[in-house]
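To keep things clear, I will list the structure first and then write my remarks on it.
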Amino acid sequence: MSTPDTSTARTDAPGATTSVTVRVPAKVNVQLAVGGLRPDGFHDLANVFLAVGLYDHVTVTPTAPTEGPRVTCSGPDTDRVPLDRSNLALRAVDALALRHGISPDVHVHIDKDIPVAGGMAGGSADAAGALLACDVLWGTRTPREELLDICAGLGSDVPFSLVGGAALGRGRGEVLTPLEVGGTFHWVFAVAEGGLSTPAVYRECDRLRECRGTGAGVGDVPEPEPSPALLAALRAGDASLLAAHLSNDLQSAAVSLLPSLDDTLAAGMAAGALAALVSGSGPTCAFLAEDATAASDVAVALRASGTCRAAHTATGPAPGATVLRAEV
């Protein structure tokens, strides 16, 4: 995580920072093992995150105290991004301001490329981007562990959006252990029409487990654990080995709610992908390819298949939230 010198970056001082832009990556879950439903309504996870090179750009600038915080958005599907205080990026601004006793008077602009409600942590990425950008803008120099603590309070995927690379997420996914990756992996992401609600997908996962007769509670479902073979494939940078061990316990629930995803998954495999899975809670479908040429071929075939709205190529691992520009 790269940050410029912000020792004079209070916005009320001469020569203060007046605009900060942070780039934040999307993620794919190469493994998402979901435990049983806890009494608090959450599930324990073994969540193997890989950051990939689809990026949103978050820019923060000061506003007048009478104006207060606001958010705007540009890019695909921005009509589906909330522009009120429920926006996760604005909640991140509020949380950092509260931590430091600062008035959260900023304009947050999000330039989106990560699919909206697509299971790739776009909202979480924007929250991490706004948090880092405001820390630079305000010159608060918040220790990394404190930033991660704020991230964890905002959502399960937000800490990883700050960190990037590859990591194992425990608890709700917010307790991170960095993972070694021995090479570059090539991906294609097929964007579906519409979105899926993450809580709805988890509820459907619980319902399907009950229907199968296995039960859905913490006493019924084995404790989630990362796959040793999958972690070894990441360390080796071996795409074929990784393809053999990709898994997502939420995939059946996502397909149950949006059956057309089966056609998208089949189209990508028919086009030569090594493996296919729903990304996180969906509905974006992720395809692992052998190399850049194969990824390009899969993307072209998916676009022509009529089973998705768009298809993007990207590589991983990618860096986490990164300051690109701090203007004075």
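Identifiers for the structure tokens are assigned positionally: chains receive A, B, ... in sequence, residues are indexed from 1 per chain, and ligands are indexed from 1 in the order shown.
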Quick one: residues within 6 Å of stretch 215-231 of chain A, only C-alpha atoms counted, chain neighbours fewer than 2 positions away excluded, as a PDB file with N, CA and C atoms, in the first residue's frame?
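Okay, this is what ended up in around-v4.pdb:
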```pdb
ATOM      1  N   ALA A  33     -15.620 -21.555   1.257  1.00  0.00           N
ATOM      2  CA  ALA A  33     -16.213 -22.611   2.072  1.00  0.00           C
ATOM      3  C   ALA A  33     -17.062 -21.947   3.156  1.00  0.00           C
ATOM      4  N   VAL A  34     -18.330 -22.318   3.218  1.00  0.00           N
ATOM      5  CA  VAL A  34     -19.308 -21.645   4.078  1.00  0.00           C
ATOM      6  C   VAL A  34     -19.744 -22.597   5.185  1.00  0.00           C
ATOM      7  N   GLY A  35     -19.529 -22.173   6.423  1.00  0.00           N
ATOM      8  CA  GLY A  35     -19.987 -22.950   7.563  1.00  0.00           C
ATOM      9  C   GLY A  35     -21.472 -22.780   7.801  1.00  0.00           C
ATOM     10  N   GLY A  36     -21.930 -23.325   8.915  1.00  0.00           N
ATOM     11  CA  GLY A  36     -23.347 -23.263   9.239  1.00  0.00           C
ATOM     12  C   GLY A  36     -23.777 -21.890   9.733  1.00  0.00           C
ATOM     13  N   LEU A  37     -25.086 -21.678   9.748  1.00  0.00           N
ATOM     14  CA  LEU A  37     -25.665 -20.409  10.194  1.00  0.00           C
ATOM     15  C   LEU A  37     -25.452 -20.255  11.695  1.00  0.00           C
ATOM     16  N   ARG A  38     -24.789 -19.148  12.081  1.00  0.00           N
ATOM     17  CA  ARG A  38     -24.530 -18.879  13.481  1.00  0.00           C
ATOM     18  C   ARG A  38     -25.734 -18.202  14.131  1.00  0.00           C
ATOM     19  N   LEU A  45     -16.431 -18.589   7.606  1.00  0.00           N
ATOM     20  CA  LEU A  45     -15.955 -18.826   6.246  1.00  0.00           C
ATOM     21  C   LEU A  45     -14.498 -19.262   6.240  1.00  0.00           C
ATOM     22  N   ALA A  46     -14.144 -20.031   5.235  1.00  0.00           N
ATOM     23  CA  ALA A  46     -12.759 -20.153   4.792  1.00  0.00           C
ATOM     24  C   ALA A  46     -12.770 -19.609   3.369  1.00  0.00           C
ATOM     25  N   ASP A 206     -28.702 -21.665   2.913  1.00  0.00           N
ATOM     26  CA  ASP A 206     -29.263 -22.316   4.103  1.00  0.00           C
ATOM     27  C   ASP A 206     -30.509 -23.137   3.742  1.00  0.00           C
ATOM     28  N   ARG A 209     -29.586 -26.359   1.991  1.00  0.00           N
ATOM     29  CA  ARG A 209     -29.038 -27.330   2.942  1.00  0.00           C
ATOM     30  C   ARG A 209     -30.156 -27.996   3.738  1.00  0.00           C
ATOM     31  N   GLU A 210     -31.131 -27.211   4.159  1.00  0.00           N
ATOM     32  CA  GLU A 210     -32.268 -27.785   4.878  1.00  0.00           C
ATOM     33  C   GLU A 210     -33.042 -28.745   3.978  1.00  0.00           C
ATOM     34  N   GLY A 213     -31.656 -32.067   3.733  1.00  0.00           N
ATOM     35  CA  GLY A 213     -31.734 -32.836   4.955  1.00  0.00           C
ATOM     36  C   GLY A 213     -30.480 -32.827   5.797  1.00  0.00           C
ATOM     37  N   ALA A 233      -1.508 -24.902  -5.160  1.00  0.00           N
ATOM     38  CA  ALA A 233      -1.596 -24.445  -6.555  1.00  0.00           C
ATOM     39  C   ALA A 233      -1.307 -22.956  -6.655  1.00  0.00           C
ATOM     40  N   LEU A 234      -1.806 -22.175  -5.696  1.00  0.00           N
ATOM     41  CA  LEU A 234      -1.498 -20.746  -5.675  1.00  0.00           C
ATOM     42  C   LEU A 234      -0.004 -20.521  -5.504  1.00  0.00           C
ATOM     43  N   LEU A 242      -4.741 -25.238 -10.025  1.00  0.00           N
ATOM     44  CA  LEU A 242      -5.737 -24.387  -9.383  1.00  0.00           C
ATOM     45  C   LEU A 242      -7.123 -24.675  -9.932  1.00  0.00           C
ATOM     46  N   HIS A 245      -9.194 -27.344  -8.302  1.00  0.00           N
ATOM     47  CA  HIS A 245      -9.579 -27.210  -6.892  1.00  0.00           C
ATOM     48  C   HIS A 245     -10.396 -25.949  -6.595  1.00  0.00           C
TER      49      HIS A 245
END
```
Please produce, as CSV, a per-residue contact table for stretch 143-217 of chain A versus stretch 78-94 of chain A (criterion: any atom at most 9 Å away, only C-alpha atoms considered), showing the nearest atom pair and its distance in Å to one decimal, sorted by chain then residue number.
```
residue,atom,partner,partner_atom,distance
A:Ile150,CA,A:Ala92,CA,7.6
A:Cys151,CA,A:Ala92,CA,7.6
A:Leu154,CA,A:Ala92,CA,7.0
A:Gly155,CA,A:Leu88,CA,8.8
```
- Residues within 9 Å of A:Ser252, only C-alpha atoms, excluding chain neighbours under 3 positions, as a PyMOL selection string: chain A and resi 204-205+208+248-249+255-257+278
Print the selection's residues with C-alpha atoms to a file, as a PDB file, in the first residue's frame.
```pdb
ATOM      1  CA  GLU A 204     -30.850 -19.660  -0.255  1.00  0.00           C
ATOM      2  CA  CYS A 205     -27.717 -21.623   0.685  1.00  0.00           C
ATOM      3  CA  LEU A 208     -30.954 -25.707   0.095  1.00  0.00           C
ATOM      4  CA  ASN A 248     -17.701 -22.048  -4.067  1.00  0.00           C
ATOM      5  CA  ASP A 249     -20.282 -23.286  -1.557  1.00  0.00           C
ATOM      6  CA  VAL A 255     -27.717 -20.672  -9.687  1.00  0.00           C
ATOM      7  CA  SER A 256     -30.951 -21.563  -7.881  1.00  0.00           C
ATOM      8  CA  LEU A 257     -31.862 -17.880  -7.750  1.00  0.00           C
ATOM      9  CA  VAL A 278     -19.686 -18.184  -9.760  1.00  0.00           C
TER      10      VAL A 278
END
```
- Query: Can you list, as a PyMOL selection string, every protein, DNA or RNA residue that comes within 9 Å of A:Leu96 when you count only C-alpha atoms, leaving out same-chain residues fewer than 4 positions away?
  - Reply: chain A and resi 91-92+100-102+104+131+134-135+142+147+150
- Of the candidates A:Ala190, A:Glu145, A:Thr214, A:Glu67, which one gets nearest to A:Gly306 if we count only C-alpha atoms? A:Ala190
- Item | Residue among A:Phe287, A:Phe49, A:Trp138, A:Phe185 lying closest to A:Met120, counting only C-alpha atoms |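 Of all the options, A:Phe49 lies closest to A:Met120.
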Please build the interface table for stretch 1-114 of chain A against stretch 165-184 of chain A with a cut-off of 9 Å, listing for each qualifying residue the nearest atom pair and the distance in Å to one decimal; count only C-alpha atoms, order rows by chain and increasing number, and write it as a Markdown table.
```
| residue | atom | partner | partner_atom | distance |
| --- | --- | --- | --- | --- |
| A:Phe42 | CA | A:Arg172 | CA | 7.0 |
| A:His43 | CA | A:Arg172 | CA | 6.3 |
| A:Asp44 | CA | A:Gly171 | CA | 5.0 |
| A:Leu45 | CA | A:Arg170 | CA | 5.5 |
| A:Ala46 | CA | A:Arg170 | CA | 5.3 |
| A:Asn47 | CA | A:Gly169 | CA | 4.8 |
| A:Val48 | CA | A:Leu168 | CA | 4.5 |
| A:Phe49 | CA | A:Ala167 | CA | 5.3 |
| A:Leu50 | CA | A:Ala166 | CA | 4.5 |
| A:Ala51 | CA | A:Gly165 | CA | 5.3 |
| A:Val52 | CA | A:Gly165 | CA | 8.1 |
```
- Pick out the residues sitting within 10 Å of A:Pro283, and hand them over as a ChimeraX atom specification; count only C-alpha atoms, and ignore anything fewer than 6 positions along from it in its own chain. /A:115-120,190-198,201,251,254-255,257-258,260-261
- Query: Given the choices A:Thr140, A:Ala304, A:Ser281, A:Ala267, which gets closest to A:Arg203 if the distance is worked out from only C-alpha atoms?
  - Reply: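 When distances to A:Arg203 are compared using only C-alpha atoms, the smallest one comes from A:Ser281.
Taking only C-alpha atoms into account, A:Val136 lies nearest to A:Val60 out of the set A:Ala314, A:Val60, A:Ala232, A:Ala121.
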- Who sits within 6 Å of stretch 68-75 of chain A, only C-alpha atoms, same chain under 2 positions skipped, as an MDAnalysis selection string: chainID A and resid 65:66 78 83 104:112
Residue selection dump (N, CA, C and O atoms) as a PDB file, in the first residue's frame:
```pdb
ATOM      1  N   PRO A  65     -18.501  22.853   4.934  1.00  0.00           N
ATOM      2  CA  PRO A  65     -19.228  22.247   6.062  1.00  0.00           C
ATOM      3  C   PRO A  65     -20.741  22.293   5.898  1.00  0.00           C
ATOM      4  O   PRO A  65     -21.447  21.405   6.378  1.00  0.00           O
ATOM      5  N   THR A  66     -21.244  23.322   5.214  1.00  0.00           N
ATOM      6  CA  THR A  66     -22.685  23.414   5.005  1.00  0.00           C
ATOM      7  C   THR A  66     -23.190  22.393   3.999  1.00  0.00           C
ATOM      8  O   THR A  66     -24.375  22.066   3.962  1.00  0.00           O
ATOM      9  N   THR A  78     -24.253   2.520 -12.947  1.00  0.00           N
ATOM     10  CA  THR A  78     -24.197   3.402 -11.786  1.00  0.00           C
ATOM     11  C   THR A  78     -25.587   3.806 -11.296  1.00  0.00           C
ATOM     12  O   THR A  78     -25.722   4.310 -10.182  1.00  0.00           O
ATOM     13  N   LEU A  83     -26.700   6.611  -3.678  1.00  0.00           N
ATOM     14  CA  LEU A  83     -25.986   7.877  -3.563  1.00  0.00           C
ATOM     15  C   LEU A  83     -26.349   8.622  -2.280  1.00  0.00           C
ATOM     16  O   LEU A  83     -26.169   9.832  -2.189  1.00  0.00           O
ATOM     17  N   PRO A 104     -16.884  15.001   8.451  1.00  0.00           N
ATOM     18  CA  PRO A 104     -16.702  14.248   7.200  1.00  0.00           C
ATOM     19  C   PRO A 104     -17.147  15.025   5.969  1.00  0.00           C
ATOM     20  O   PRO A 104     -17.993  14.554   5.186  1.00  0.00           O
ATOM     21  N   ASP A 105     -16.572  16.200   5.770  1.00  0.00           N
ATOM     22  CA  ASP A 105     -17.022  17.082   4.691  1.00  0.00           C
ATOM     23  C   ASP A 105     -16.208  16.818   3.421  1.00  0.00           C
ATOM     24  O   ASP A 105     -15.231  17.515   3.121  1.00  0.00           O
ATOM     25  N   VAL A 106     -16.611  15.786   2.673  1.00  0.00           N
ATOM     26  CA  VAL A 106     -15.914  15.441   1.434  1.00  0.00           C
ATOM     27  C   VAL A 106     -16.924  15.056   0.361  1.00  0.00           C
ATOM     28  O   VAL A 106     -18.032  14.593   0.649  1.00  0.00           O
ATOM     29  N   HIS A 107     -16.495  15.248  -0.871  1.00  0.00           N
ATOM     30  CA  HIS A 107     -17.199  14.716  -2.035  1.00  0.00           C
ATOM     31  C   HIS A 107     -16.437  13.476  -2.477  1.00  0.00           C
ATOM     32  O   HIS A 107     -15.239  13.542  -2.791  1.00  0.00           O
ATOM     33  N   VAL A 108     -17.115  12.346  -2.482  1.00  0.00           N
ATOM     34  CA  VAL A 108     -16.536  11.089  -2.949  1.00  0.00           C
ATOM     35  C   VAL A 108     -17.064  10.815  -4.355  1.00  0.00           C
ATOM     36  O   VAL A 108     -18.286  10.712  -4.543  1.00  0.00           O
ATOM     37  N   HIS A 109     -16.160  10.717  -5.330  1.00  0.00           N
ATOM     38  CA  HIS A 109     -16.575  10.333  -6.679  1.00  0.00           C
ATOM     39  C   HIS A 109     -15.994   8.962  -6.998  1.00  0.00           C
ATOM     40  O   HIS A 109     -14.789   8.734  -6.857  1.00  0.00           O
ATOM     41  N   ILE A 110     -16.856   8.057  -7.432  1.00  0.00           N
ATOM     42  CA  ILE A 110     -16.467   6.688  -7.763  1.00  0.00           C
ATOM     43  C   ILE A 110     -16.584   6.499  -9.265  1.00  0.00           C
ATOM     44  O   ILE A 110     -17.671   6.639  -9.831  1.00  0.00           O
ATOM     45  N   ASP A 111     -15.466   6.184  -9.900  1.00  0.00           N
ATOM     46  CA  ASP A 111     -15.450   5.839 -11.323  1.00  0.00           C
ATOM     47  C   ASP A 111     -15.387   4.319 -11.393  1.00  0.00           C
ATOM     48  O   ASP A 111     -14.354   3.715 -11.103  1.00  0.00           O
ATOM     49  N   LYS A 112     -16.508   3.693 -11.769  1.00  0.00           N
ATOM     50  CA  LYS A 112     -16.646   2.247 -11.624  1.00  0.00           C
ATOM     51  C   LYS A 112     -16.265   1.477 -12.878  1.00  0.00           C
ATOM     52  O   LYS A 112     -16.623   1.855 -13.990  1.00  0.00           O
TER      53      LYS A 112
END
```
- Message: What's the separation between atom CA of A:Ala16 and atom CA of A:Pro62, in Å to one decimal place?
- Response: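 Separation between atom CA of A:Ala16 and atom CA of A:Pro62: 10.6 Å.
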